[in-house]
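To be precise, the following lines are model.txt, and they hold compact mmCIF, C-alpha atoms (C1' of nucleotides).
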```txt
# COMPACT_ATOMS: atom_id res chain seq x y z
CA MET A 1 33.24 -6.14 -14.15
CA LYS A 2 33.01 -9.68 -12.91
CA THR A 3 31.59 -10.60 -9.56
CA THR A 4 32.88 -13.26 -7.18
CA ALA A 5 30.70 -16.12 -6.00
CA TYR A 6 30.49 -14.43 -2.62
CA GLN A 7 29.12 -11.25 -4.16
CA GLN A 8 26.83 -13.18 -6.47
CA ALA A 9 25.06 -14.85 -3.56
CA PHE A 10 24.17 -11.51 -2.05
CA ILE A 11 23.17 -9.96 -5.38
CA LEU A 12 20.95 -12.85 -6.37
CA HIS A 13 19.26 -12.87 -2.99
CA PHE A 14 18.35 -9.21 -3.35
CA GLY A 15 17.03 -9.90 -6.80
CA GLU A 16 14.76 -12.62 -5.50
CA MET A 17 13.59 -10.64 -2.50
CA GLY A 18 12.82 -7.73 -4.78
CA SER A 19 9.33 -8.96 -5.54
CA ARG A 20 8.49 -9.15 -1.83
CA TRP A 21 9.83 -5.67 -1.33
CA GLY A 22 7.87 -4.18 -4.20
CA ILE A 23 10.81 -3.57 -6.47
CA ASN A 24 11.80 -5.62 -9.47
CA ARG A 25 14.62 -8.09 -9.70
CA THR A 26 16.89 -5.84 -11.71
CA ILE A 27 16.63 -2.99 -9.24
CA GLY A 28 17.25 -5.29 -6.31
CA GLN A 29 20.32 -6.73 -7.96
CA ILE A 30 21.74 -3.39 -8.97
CA TYR A 31 21.33 -1.99 -5.53
CA ALA A 32 22.99 -4.98 -3.95
CA LEU A 33 25.86 -4.66 -6.39
CA LEU A 34 26.34 -0.97 -5.70
CA TYR A 35 26.03 -1.45 -2.00
CA ILE A 36 28.92 -3.88 -1.77
CA SER A 37 31.03 -2.36 -4.51
CA PRO A 38 34.14 -0.66 -3.14
CA ARG A 39 34.07 1.83 -6.02
CA PRO A 40 31.53 3.62 -8.16
CA LEU A 41 30.27 1.72 -11.20
CA ASN A 42 29.09 2.95 -14.57
CA ALA A 43 26.08 1.63 -16.42
CA GLU A 44 28.15 -0.55 -18.70
CA GLN A 45 29.86 -2.26 -15.78
CA ILE A 46 26.54 -2.89 -14.10
CA THR A 47 25.09 -4.27 -17.31
CA GLU A 48 27.99 -6.64 -17.70
CA ALA A 49 28.15 -7.71 -14.06
CA LEU A 50 24.49 -8.66 -13.98
CA GLY A 51 24.05 -9.90 -17.53
CA ILE A 52 21.15 -7.61 -18.30
CA SER A 53 20.48 -5.23 -21.17
CA ARG A 54 21.88 -1.73 -21.27
CA SER A 55 18.41 -0.25 -21.51
CA ASN A 56 17.24 -2.16 -18.50
CA THR A 57 20.09 -0.69 -16.52
CA SER A 58 19.13 2.76 -17.67
CA MET A 59 15.55 2.39 -16.54
CA ALA A 60 16.56 0.89 -13.24
CA MET A 61 18.96 3.74 -12.51
CA LYS A 62 16.20 6.19 -13.20
CA GLU A 63 14.00 4.43 -10.71
CA LEU A 64 16.72 4.23 -8.08
CA SER A 65 17.37 7.92 -8.54
CA ALA A 66 13.71 8.65 -8.02
CA TRP A 67 14.00 6.77 -4.74
CA GLN A 68 17.06 8.87 -3.96
CA LEU A 69 18.98 5.73 -3.24
CA VAL A 70 21.94 6.33 -5.51
CA ARG A 71 24.41 9.10 -6.17
CA VAL A 72 25.88 9.94 -9.53
CA GLN A 73 29.45 11.09 -9.83
CA HIS A 74 32.03 11.60 -12.54
CA LEU A 75 35.64 10.65 -12.92
CA PRO A 76 38.21 12.90 -14.55
CA ASP A 77 38.39 12.48 -18.32
CA ASP A 78 35.45 10.16 -18.42
CA ARG A 79 32.04 11.36 -19.27
CA ARG A 80 30.11 8.31 -18.20
CA ASP A 81 27.94 8.44 -15.09
CA TYR A 82 29.30 6.54 -12.13
CA PHE A 83 26.87 5.36 -9.49
CA THR A 84 27.26 4.66 -5.82
CA ALA A 85 25.01 3.76 -2.92
CA PRO A 86 25.60 5.91 0.15
CA ASP A 87 28.10 3.98 2.23
CA ASP A 88 26.32 4.64 5.46
CA VAL A 89 23.56 2.08 6.06
CA TRP A 90 21.86 4.40 8.47
CA GLU A 91 21.48 6.96 5.72
CA ILE A 92 20.09 4.34 3.37
CA PHE A 93 17.66 3.29 6.04
CA ARG A 94 16.45 6.83 6.56
CA THR A 95 15.96 7.33 2.86
CA LEU A 96 14.00 4.11 2.57
CA VAL A 97 11.78 5.02 5.48
CA ALA A 98 11.15 8.49 4.13
CA GLU A 99 10.34 7.32 0.62
CA ARG A 100 8.12 4.47 1.67
CA ARG A 101 6.30 6.79 3.95
CA ARG A 102 5.77 9.27 1.15
CA ARG A 103 4.54 6.68 -1.31
CA GLU A 104 2.76 4.15 0.83
CA ILE A 105 1.44 5.99 3.84
CA GLU A 106 1.03 9.67 3.09
CA PRO A 107 -1.66 9.18 0.42
CA THR A 108 -3.72 7.17 2.87
CA ALA A 109 -3.19 9.61 5.71
CA SER A 110 -4.37 12.41 3.51
CA MET A 111 -7.44 10.48 2.35
CA LEU A 112 -8.29 9.79 5.98
CA ARG A 113 -7.90 13.42 6.95
CA GLY A 114 -10.26 14.33 4.15
CA ALA A 115 -12.85 11.78 5.24
CA LEU A 116 -12.69 13.14 8.78
CA VAL A 117 -13.19 16.80 8.00
CA ALA A 118 -16.92 16.38 8.31
CA PRO A 119 -17.45 12.95 9.83
CA PRO A 120 -20.92 11.45 9.61
CA GLU A 121 -22.58 11.17 12.98
CA GLN A 122 -25.12 8.45 12.59
CA GLY A 123 -25.40 4.82 11.68
CA ASP A 124 -22.74 2.65 10.10
CA ASP A 125 -21.00 5.64 8.58
CA ALA A 126 -20.44 7.05 12.05
CA HIS A 127 -18.92 3.77 13.10
CA ALA A 128 -16.71 3.78 9.99
CA ALA A 129 -15.58 7.32 10.78
CA THR A 130 -14.54 6.23 14.26
CA LYS A 131 -12.43 3.48 12.79
CA LEU A 132 -10.86 5.83 10.29
CA ALA A 133 -9.99 8.20 13.10
CA GLU A 134 -8.32 5.39 15.03
CA MET A 135 -6.31 4.44 12.00
CA LEU A 136 -5.23 8.01 11.35
CA GLU A 137 -4.22 8.47 14.94
CA LEU A 138 -1.96 5.44 14.81
CA ILE A 139 -0.47 6.50 11.50
CA GLU A 140 0.33 9.94 12.83
CA LEU A 141 1.82 8.53 15.97
CA VAL A 142 4.11 6.17 14.08
CA THR A 143 5.13 8.54 11.32
CA GLY A 144 5.78 11.30 13.83
CA TRP A 145 8.01 8.98 15.74
CA LEU A 146 9.83 7.95 12.59
CA ASP A 147 10.46 11.60 11.84
CA ASP A 148 11.97 12.07 15.25
CA VAL A 149 14.23 9.08 14.90
CA SER A 150 15.29 10.10 11.42
CA ASP A 151 16.42 13.40 12.83
CA MET A 152 18.72 11.70 15.29
CA ASP A 153 22.25 10.76 14.42
CA GLN A 154 23.00 7.10 14.27
CA ARG A 155 24.61 6.97 17.67
CA THR A 156 21.60 8.41 19.45
CA ALA A 157 19.13 6.31 17.53
CA THR A 158 21.11 3.19 18.25
CA GLN A 159 21.20 4.02 21.91
CA LEU A 160 17.47 4.58 21.91
CA MET A 161 16.65 1.35 20.15
CA LYS A 162 18.99 -0.73 22.23
CA LEU A 163 17.24 0.59 25.25
CA GLY A 164 14.14 -1.09 23.91
CA GLY A 165 11.59 -1.94 26.53
CA GLY A 166 13.91 -0.54 29.14
CA VAL A 167 12.57 2.88 28.32
CA GLN A 168 9.66 2.06 30.56
CA LYS A 169 11.87 2.27 33.56
CA LEU A 170 12.78 5.75 32.47
CA LEU A 171 9.16 6.59 31.93
CA GLY A 172 8.46 5.45 35.44
CA ALA A 173 5.67 3.05 34.58
CA GLY A 174 6.03 -0.71 34.79
CA ARG A 175 3.45 -2.12 32.42
CA ARG A 176 5.23 -4.82 30.41
CA LYS A 177 2.91 -7.28 28.88
CA LYS A 178 5.13 -10.29 28.44
CA ALA A 179 7.73 -10.09 31.20
CA GLN A 180 11.41 -10.17 30.24
CA LYS A 181 12.74 -10.81 26.71
CA ALA A 182 15.60 -10.11 24.38
CA THR A 183 15.78 -6.56 25.71
CA LYS A 184 18.19 -7.17 28.53
CA ASN A 185 21.56 -7.59 27.00
CA ARG A 186 21.42 -5.64 23.84
CA ALA A 187 22.95 -2.58 25.49
CA MET B 1 -24.84 -5.92 1.77
CA LYS B 2 -24.62 -2.56 0.18
CA THR B 3 -22.03 0.04 1.07
CA THR B 4 -22.55 3.77 1.47
CA ALA B 5 -20.60 6.31 -0.58
CA TYR B 6 -18.62 7.14 2.54
CA GLN B 7 -17.54 3.54 2.97
CA GLN B 8 -16.91 3.13 -0.75
CA ALA B 9 -14.33 5.90 -0.78
CA PHE B 10 -12.32 4.18 1.91
CA ILE B 11 -12.66 0.74 0.35
CA LEU B 12 -11.67 1.90 -3.11
CA HIS B 13 -8.67 3.76 -1.77
CA PHE B 14 -7.40 0.62 -0.08
CA GLY B 15 -7.93 -1.29 -3.29
CA GLU B 16 -5.83 1.19 -5.22
CA MET B 17 -3.10 1.39 -2.62
CA GLY B 18 -2.97 -2.38 -2.56
CA SER B 19 -0.47 -2.53 -5.38
CA ARG B 20 1.90 -0.21 -3.55
CA TRP B 21 1.58 -2.27 -0.43
CA GLY B 22 2.27 -5.52 -2.20
CA ILE B 23 -1.22 -6.93 -1.90
CA ASN B 24 -3.79 -7.13 -4.63
CA ARG B 25 -6.79 -4.92 -5.06
CA THR B 26 -9.28 -7.50 -3.87
CA ILE B 27 -7.45 -8.12 -0.64
CA GLY B 28 -7.09 -4.42 0.03
CA GLN B 29 -10.78 -3.83 -0.52
CA ILE B 30 -11.87 -6.75 1.58
CA TYR B 31 -9.72 -5.69 4.46
CA ALA B 32 -10.98 -2.15 4.30
CA LEU B 33 -14.53 -3.43 4.27
CA LEU B 34 -14.01 -5.69 7.25
CA TYR B 35 -12.15 -3.03 9.15
CA ILE B 36 -15.00 -0.56 9.04
CA SER B 37 -17.81 -3.06 9.25
CA PRO B 38 -19.61 -2.92 12.59
CA ARG B 39 -20.43 -6.61 12.30
CA PRO B 40 -18.86 -9.78 10.94
CA LEU B 41 -19.47 -10.51 7.27
CA ASN B 42 -19.74 -13.76 5.40
CA ALA B 43 -18.18 -14.48 2.05
CA GLU B 44 -21.39 -13.91 0.16
CA GLN B 45 -21.86 -10.46 1.68
CA ILE B 46 -18.31 -9.51 0.84
CA THR B 47 -18.71 -10.77 -2.71
CA GLU B 48 -21.83 -8.73 -3.14
CA ALA B 49 -20.52 -5.59 -1.47
CA LEU B 50 -17.45 -5.47 -3.65
CA GLY B 51 -18.88 -6.86 -6.87
CA ILE B 52 -16.27 -9.60 -7.23
CA SER B 53 -16.57 -13.32 -7.82
CA ARG B 54 -17.23 -15.75 -5.05
CA SER B 55 -14.05 -17.65 -5.82
CA ASN B 56 -12.00 -14.49 -5.64
CA THR B 57 -13.36 -13.87 -2.17
CA SER B 58 -12.46 -17.36 -1.13
CA MET B 59 -8.86 -16.98 -2.28
CA ALA B 60 -8.52 -13.59 -0.69
CA MET B 61 -9.79 -14.84 2.66
CA LYS B 62 -7.27 -17.63 2.53
CA GLU B 63 -4.51 -15.10 1.98
CA LEU B 64 -5.74 -12.81 4.73
CA SER B 65 -5.90 -15.75 7.10
CA ALA B 66 -2.32 -16.62 6.22
CA TRP B 67 -1.42 -13.08 7.24
CA GLN B 68 -3.37 -13.63 10.46
CA LEU B 69 -5.28 -10.46 9.76
CA VAL B 70 -8.78 -11.83 10.03
CA ARG B 71 -10.75 -13.90 12.48
CA VAL B 72 -13.41 -16.40 11.57
CA GLN B 73 -16.49 -16.81 13.71
CA HIS B 74 -19.89 -18.45 13.50
CA LEU B 75 -23.38 -17.35 14.29
CA PRO B 76 -25.99 -19.62 15.85
CA ASP B 77 -27.97 -21.60 13.29
CA ASP B 78 -25.83 -20.46 10.42
CA ARG B 79 -23.05 -22.55 9.08
CA ARG B 80 -21.35 -19.93 6.97
CA ASP B 81 -18.01 -18.45 8.01
CA TYR B 82 -18.19 -14.90 9.31
CA PHE B 83 -15.08 -12.77 9.12
CA THR B 84 -13.88 -9.83 11.17
CA ALA B 85 -10.78 -7.72 11.40
CA PRO B 86 -9.53 -7.28 14.97
CA ASP B 87 -11.13 -4.10 16.19
CA ASP B 88 -8.02 -2.81 17.85
CA VAL B 89 -5.77 -1.00 15.34
CA TRP B 90 -2.80 -1.51 17.57
CA GLU B 91 -3.24 -5.25 17.32
CA ILE B 92 -3.53 -5.03 13.54
CA PHE B 93 -0.39 -2.97 13.45
CA ARG B 94 1.52 -5.50 15.48
CA THR B 95 0.38 -8.33 13.26
CA LEU B 96 1.41 -6.44 10.15
CA VAL B 97 4.82 -5.65 11.56
CA ALA B 98 5.37 -9.23 12.66
CA GLU B 99 4.29 -10.73 9.36
CA ARG B 100 6.22 -8.31 7.19
CA ARG B 101 9.24 -8.91 9.28
CA ARG B 102 8.88 -12.64 8.88
CA ARG B 103 8.42 -12.50 5.13
CA GLU B 104 10.48 -9.54 4.06
CA ILE B 105 13.31 -9.24 6.52
CA GLU B 106 13.99 -12.55 8.19
CA PRO B 107 15.06 -14.36 4.99
CA THR B 108 17.61 -11.64 4.33
CA ALA B 109 18.85 -11.57 7.90
CA SER B 110 19.39 -15.28 7.76
CA MET B 111 21.19 -15.09 4.43
CA LEU B 112 23.47 -12.42 5.88
CA ARG B 113 24.20 -14.48 8.96
CA GLY B 114 25.16 -17.35 6.71
CA ALA B 115 27.47 -15.19 4.63
CA LEU B 116 29.17 -13.95 7.78
CA VAL B 117 29.90 -17.29 9.38
CA ALA B 118 33.25 -17.42 7.61
CA PRO B 119 33.77 -13.97 6.18
CA PRO B 120 36.47 -13.59 3.50
CA GLU B 121 39.40 -11.54 4.70
CA GLN B 122 40.95 -10.19 1.58
CA GLY B 123 40.15 -8.08 -1.43
CA ASP B 124 36.72 -6.98 -2.58
CA ASP B 125 35.03 -9.89 -0.85
CA ALA B 126 36.36 -8.64 2.45
CA HIS B 127 34.90 -5.23 1.73
CA ALA B 128 31.59 -6.83 0.79
CA ALA B 129 31.57 -8.80 4.03
CA THR B 130 32.03 -5.60 6.00
CA LYS B 131 29.02 -4.07 4.27
CA LEU B 132 26.95 -7.17 4.90
CA ALA B 133 27.87 -7.01 8.57
CA GLU B 134 26.79 -3.39 8.76
CA MET B 135 23.49 -4.25 7.16
CA LEU B 136 22.89 -7.15 9.48
CA GLU B 137 23.68 -5.04 12.48
CA LEU B 138 21.11 -2.44 11.50
CA ILE B 139 18.50 -5.09 10.76
CA GLU B 140 19.02 -6.69 14.14
CA LEU B 141 18.85 -3.37 15.87
CA VAL B 142 15.58 -2.39 14.24
CA THR B 143 13.87 -5.75 14.48
CA GLY B 144 14.92 -6.11 18.09
CA TRP B 145 13.41 -2.77 18.84
CA LEU B 146 10.21 -3.69 17.01
CA ASP B 147 9.97 -6.80 19.13
CA ASP B 148 10.25 -4.71 22.24
CA VAL B 149 7.59 -2.29 21.16
CA SER B 150 5.28 -5.09 20.10
CA ASP B 151 5.50 -6.45 23.59
CA MET B 152 4.31 -3.21 25.06
CA ASP B 153 0.68 -2.46 25.58
CA GLN B 154 -0.73 0.33 23.48
CA ARG B 155 -0.59 2.87 26.26
CA THR B 156 3.07 2.40 26.93
CA ALA B 157 4.01 2.32 23.27
CA THR B 158 2.04 5.48 22.64
CA GLN B 159 3.75 7.21 25.49
CA LEU B 160 7.13 6.13 24.16
CA MET B 161 6.48 7.28 20.64
CA LYS B 162 5.00 10.58 21.67
CA LEU B 163 8.11 11.20 23.62
CA GLY B 164 9.97 11.03 20.32
CA GLY B 165 13.24 12.89 20.27
CA GLY B 166 12.62 13.94 23.83
CA VAL B 167 14.01 10.63 24.90
CA GLN B 168 17.43 12.14 24.47
CA LYS B 169 16.89 14.28 27.48
CA LEU B 170 16.20 11.14 29.43
CA LEU B 171 19.27 9.51 28.00
CA GLY B 172 21.25 12.49 29.11
CA ALA B 173 22.84 13.22 25.75
CA GLY B 174 22.00 16.30 23.72
CA ARG B 175 22.90 15.45 20.15
CA ARG B 176 19.93 16.50 18.04
CA LYS B 177 20.80 17.03 14.45
CA LYS B 178 18.17 19.45 13.32
CA ALA B 179 17.24 21.51 16.37
CA GLN B 180 13.60 21.49 17.47
CA LYS B 181 10.74 20.02 15.42
CA ALA B 182 7.26 18.60 15.63
CA THR B 183 8.28 16.68 18.72
CA LYS B 184 7.36 19.28 21.23
CA ASN B 185 3.64 19.25 21.53
CA ARG B 186 2.71 15.76 20.70
CA ALA B 187 2.77 14.76 24.35
C1' DG C 1 29.02 22.00 -38.51
C1' DT C 2 29.97 16.18 -38.46
C1' DA C 3 31.43 12.29 -35.84
C1' DT C 4 31.41 9.63 -31.78
C1' DA C 5 30.15 8.23 -27.10
C1' DA C 6 26.71 7.79 -23.66
C1' DT C 7 22.12 7.65 -22.30
C1' DT C 8 17.13 7.41 -22.77
C1' DT C 9 12.89 6.19 -24.92
C1' DC C 10 9.75 3.05 -26.74
C1' DA C 11 7.32 -0.71 -29.32
C1' DC C 12 7.25 -5.28 -28.71
C1' DC C 13 7.25 -9.82 -26.60
C1' DA C 14 7.63 -12.84 -22.48
C1' DA C 15 6.54 -13.80 -17.90
C1' DC C 16 3.75 -13.20 -14.17
C1' DT C 17 -0.43 -12.01 -11.47
C1' DA C 18 -5.35 -11.34 -10.68
C1' DC C 19 -9.81 -12.79 -11.52
C1' DT C 20 -13.58 -15.63 -13.33
C1' DG C 21 -16.82 -19.49 -14.02
C1' DA C 22 -17.32 -24.22 -13.69
C1' DA C 23 -16.49 -28.23 -11.34
C1' DA C 24 -15.13 -30.64 -7.19
C1' DA C 25 -14.90 -31.22 -2.42
C1' DG C 26 -16.52 -30.72 2.17
C1' DA C 27 -20.04 -30.17 5.77
C1' DC C 28 -24.30 -30.61 7.63
C1' DT C 29 -29.50 -32.17 7.57
C1' DG C 30 -33.18 -35.15 7.66
C1' DC D 1 -27.49 -42.16 2.57
C1' DA D 2 -29.32 -38.45 -0.85
C1' DG D 3 -29.91 -33.65 -0.96
C1' DT D 4 -28.53 -29.06 -0.01
C1' DC D 5 -25.58 -25.43 1.31
C1' DT D 6 -20.95 -23.68 1.55
C1' DT D 7 -16.29 -23.41 0.46
C1' DT D 8 -12.30 -24.55 -2.33
C1' DT D 9 -9.79 -25.67 -6.39
C1' DC D 10 -8.38 -24.94 -10.91
C1' DA D 11 -8.00 -24.19 -16.03
C1' DG D 12 -8.38 -20.48 -18.80
C1' DT D 13 -8.02 -15.65 -19.80
C1' DA D 14 -7.42 -10.71 -19.18
C1' DG D 15 -4.50 -7.44 -17.48
C1' DT D 16 -0.13 -5.93 -15.72
C1' DT D 17 4.79 -5.75 -15.29
C1' DG D 18 9.56 -6.67 -16.65
C1' DG D 19 13.06 -6.81 -19.98
C1' DT D 20 14.95 -6.40 -24.77
C1' DG D 21 16.85 -4.40 -29.07
C1' DA D 22 16.50 -0.74 -32.13
C1' DA D 23 15.96 3.94 -32.75
C1' DA D 24 16.12 8.53 -30.95
C1' DT D 25 18.14 11.90 -28.08
C1' DT D 26 21.69 14.22 -25.59
C1' DA D 27 26.42 15.49 -24.76
C1' DT D 28 31.04 16.15 -26.03
C1' DA D 29 34.97 16.36 -29.28
C1' DC D 30 37.09 17.75 -33.27
```

What would you get if you wrote out this structure as structure tokens?
Amino acid sequence: MKTTAYQQAFILHFGEMGSRWGINRTIGQIYALLYISPRPLNAEQITEALGISRSNTSMAMKELSAWQLVRVQHLPDDRRDYFTAPDDVWEIFRTLVAERRRREIEPTASMLRGALVAPPEQGDDAHAATKLAEMLELIELVTGWLDDVSDMDQRTATQLMKLGGGVQKLLGAGRRKKAQKATKNRA
Amino acid sequence: MKTTAYQQAFILHFGEMGSRWGINRTIGQIYALLYISPRPLNAEQITEALGISRSNTSMAMKELSAWQLVRVQHLPDDRRDYFTAPDDVWEIFRTLVAERRRREIEPTASMLRGALVAPPEQGDDAHAATKLAEMLELIELVTGWLDDVSDMDQRTATQLMKLGGGVQKLLGAGRRKKAQKATKNRA
DNA sequence: GTATAATTTCACCAACTACTGAAAAGACTG
DNA sequence: CAGTCTTTTCAGTAGTTGGTGAAATTATAC
């Protein structure tokens, strides 16, 4: 497995962005490689393409599997594992949203729910409880919405998002804050 | 400045989640503290409340300011800086979305645009270019939508999100993937 | 069973990040 | 301006994370 300069640019970018996205360089690179690869790759090919150690590849694949971002498959007469990224970006997007929600938001939502079971009613604690409630409400609103969108097929979701601020017309109200904007011609 | 056990729980949770959110413990704790504090706090109070060093507080405030997540204000006859988090969660949410977008998505979108100015037309590079285009399209769709929602006032956005999958009725199409769901009674 | 191929685990080292205390810089007062 | 209060910077260090090679484990073949 050798990669072209064109592919390299993309792979290296994902590696660098990895730290901002909370994943490590190796994982970012591997995912980029799998995403653009026209065929499944085995661990050895990945190792060679990226110039990393075999064990590093192994650990990264484990992590990517935990994120449910890769599929394993097998070729006839070959017992090595071959990996692919789903080829539908929309599916990848949904998986990412679901996993990030589970890891980064759900624990907080559940802590907040716990703190609000018997909210204090006096003093600064009462004020704190009010703020926690506001935060929880927003979290539930947004995650609920994300659930709804994840349940849509790509076509519907696309339609919905392209509609953008235009949805207000449908809702009947006309409360835009900053007049026009990009909205208009994305449909 | 001392914190109650109730406040502590919230603050410590944010500190722990910090690593998952890509911020450090100190920053998570400080933000939690400011968020629930009924009044502005100065650096010394924060330092004391969290049991960290004064210099750590200073660096954290610099970082939070860079994220535009805190406001500085002054009290009469007191030359220390007093910090607050915006008290509207919706505003905080918008800031977070905008900043994450700027730091975590925009660099990639711009790299993709660059790679697609003169896309290769043959072989594996051509396939890669197709995948990059798909990714860019999704990114633009989602960020465009986020822009639209950020421009809405909280009321409108809430209404929109509560509507959830119900928007499909408005759109006229009926393509839900997994029949009903939580959607129904959130309005 | 033994041999071989493929994968995973893990102790170790390197690189990076978070935090501190001390010193410097900046801002205001009289 | 000297003195004081406040904030910032920074070198050093502790703690964490990332990546490797060697060894162990698992899976298949003969």

Could you give me, as JSON lines, every chain D residue with an atom at most 10 Å from chain B, plus its closest atom pair and distance in Å to one decimal, counting all atoms listed in the file, rows ordered by chain then number?
```
{"residue": "D:DC5", "atom": "C1'", "partner": "B:Arg79", "partner_atom": "CA", "distance": 8.7}
{"residue": "D:DT6", "atom": "C1'", "partner": "B:Arg80", "partner_atom": "CA", "distance": 6.6}
{"residue": "D:DT7", "atom": "C1'", "partner": "B:Ser58", "partner_atom": "CA", "distance": 7.3}
{"residue": "D:DT8", "atom": "C1'", "partner": "B:Ser58", "partner_atom": "CA", "distance": 7.3}
{"residue": "D:DT9", "atom": "C1'", "partner": "B:Ser55", "partner_atom": "CA", "distance": 9.1}
```

Would you list the contacts of DT13 (chain D) as a list in words, taking every protein, DNA or RNA residue within 12 Å and counting only C-alpha atoms (C1' of nucleotides), but skipping same-chain residues closer than 2 positions in sequence? DT17, DA18, DC19, DT20 and DG21 of chain C; DA11 and DG15 of chain D

Just want the 12 Å neighbourhood of DG19 (chain D), counted on all atoms listed in the file, with same-chain residues fewer than 4 positions away dropped. Output as an mmCIF file with C-alpha atoms (C1' of nucleotides), keeping the file's coordinate frame.
```cif
data_model
loop_
_atom_site.group_PDB
_atom_site.id
_atom_site.type_symbol
_atom_site.label_atom_id
_atom_site.label_comp_id
_atom_site.auth_asym_id
_atom_site.auth_seq_id
_atom_site.Cartn_x
_atom_site.Cartn_y
_atom_site.Cartn_z
ATOM 1 C CA ASN A 24 11.800 -5.620 -9.470
ATOM 2 C CA ARG A 25 14.620 -8.090 -9.700
ATOM 3 C CA THR A 26 16.890 -5.840 -11.710
ATOM 4 C CA ILE A 27 16.630 -2.990 -9.240
ATOM 5 C CA GLY A 51 24.050 -9.900 -17.530
ATOM 6 C CA ILE A 52 21.150 -7.610 -18.300
ATOM 7 C CA SER A 53 20.480 -5.230 -21.170
ATOM 8 C CA ARG A 54 21.880 -1.730 -21.270
ATOM 9 C CA SER A 55 18.410 -0.250 -21.510
ATOM 10 C CA ASN A 56 17.240 -2.160 -18.500
ATOM 11 C CA THR A 57 20.090 -0.690 -16.520
ATOM 12 C CA SER A 58 19.130 2.760 -17.670
ATOM 13 C CA MET A 59 15.550 2.390 -16.540
ATOM 14 C CA ALA A 60 16.560 0.890 -13.240
ATOM 15 C "C1'" DC C 12 7.250 -5.280 -28.710
ATOM 16 C "C1'" DC C 13 7.250 -9.820 -26.600
ATOM 17 C "C1'" DA C 14 7.630 -12.840 -22.480
ATOM 18 C "C1'" DA C 15 6.540 -13.800 -17.900
#
```

Show me the residues close to (9.0, 5.2, 0.7) - anything with an atom within 12 Å, counting all atoms listed in the file - and format the list as a PyMOL selection string. (chain A and resi 21-23+64+66-69+92-107+143) or (chain B and resi 20-21)

Sorted by chain and rising residue number, which residues of chain C lie within 10 Å of chain A, and what are their closest atom pairs and distances in Å to one decimal, counting only C-alpha atoms (C1' of nucleotides), as a Markdown table?
```
| residue | atom | partner | partner_atom | distance |
| --- | --- | --- | --- | --- |
| C:DA5 | C1' | A:Arg79 | CA | 8.6 |
| C:DA6 | C1' | A:Arg80 | CA | 6.5 |
| C:DT7 | C1' | A:Ser58 | CA | 7.4 |
| C:DT8 | C1' | A:Ser58 | CA | 7.2 |
| C:DT9 | C1' | A:Ser55 | CA | 9.1 |
```

Please identify every residue of chain A that has at least one atom no more than 6 Å from any atom of chain B, counting only C-alpha atoms, and report them as number ranges by chain. A: 36, 128, 145, 148, 151-152, 161, 164-165, 176-177

What is the distance between CA of Gly15 (chain B) and CA of Tyr31 (chain B), in Å to one decimal? 9.1 Å

At what distance in Å, to one decimal, does CA of Ile30 (chain B) lie from CA of Leu12 (chain B)?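 Going from CA of Leu12 (chain B) over to CA of Ile30 (chain B) covers 9.8 Å.
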
So how many Å separate CA of Gln8 (chain B) and CA of Met61 (chain B), to one decimal?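 Computing the Euclidean distance for CA of Gln8 (chain B) and CA of Met61 (chain B) yields 19.6 Å.
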
Once 8 Å is added on each side, what centre and edge lengths in Å to one decimal does the axis-aligned box around all listed atoms of region 15-24 of chain C have, as JSON?
```
{"center_x": -5.4, "center_y": -21.0, "center_z": -12.5, "size_x": 39.9, "size_y": 35.3, "size_z": 26.7}
```
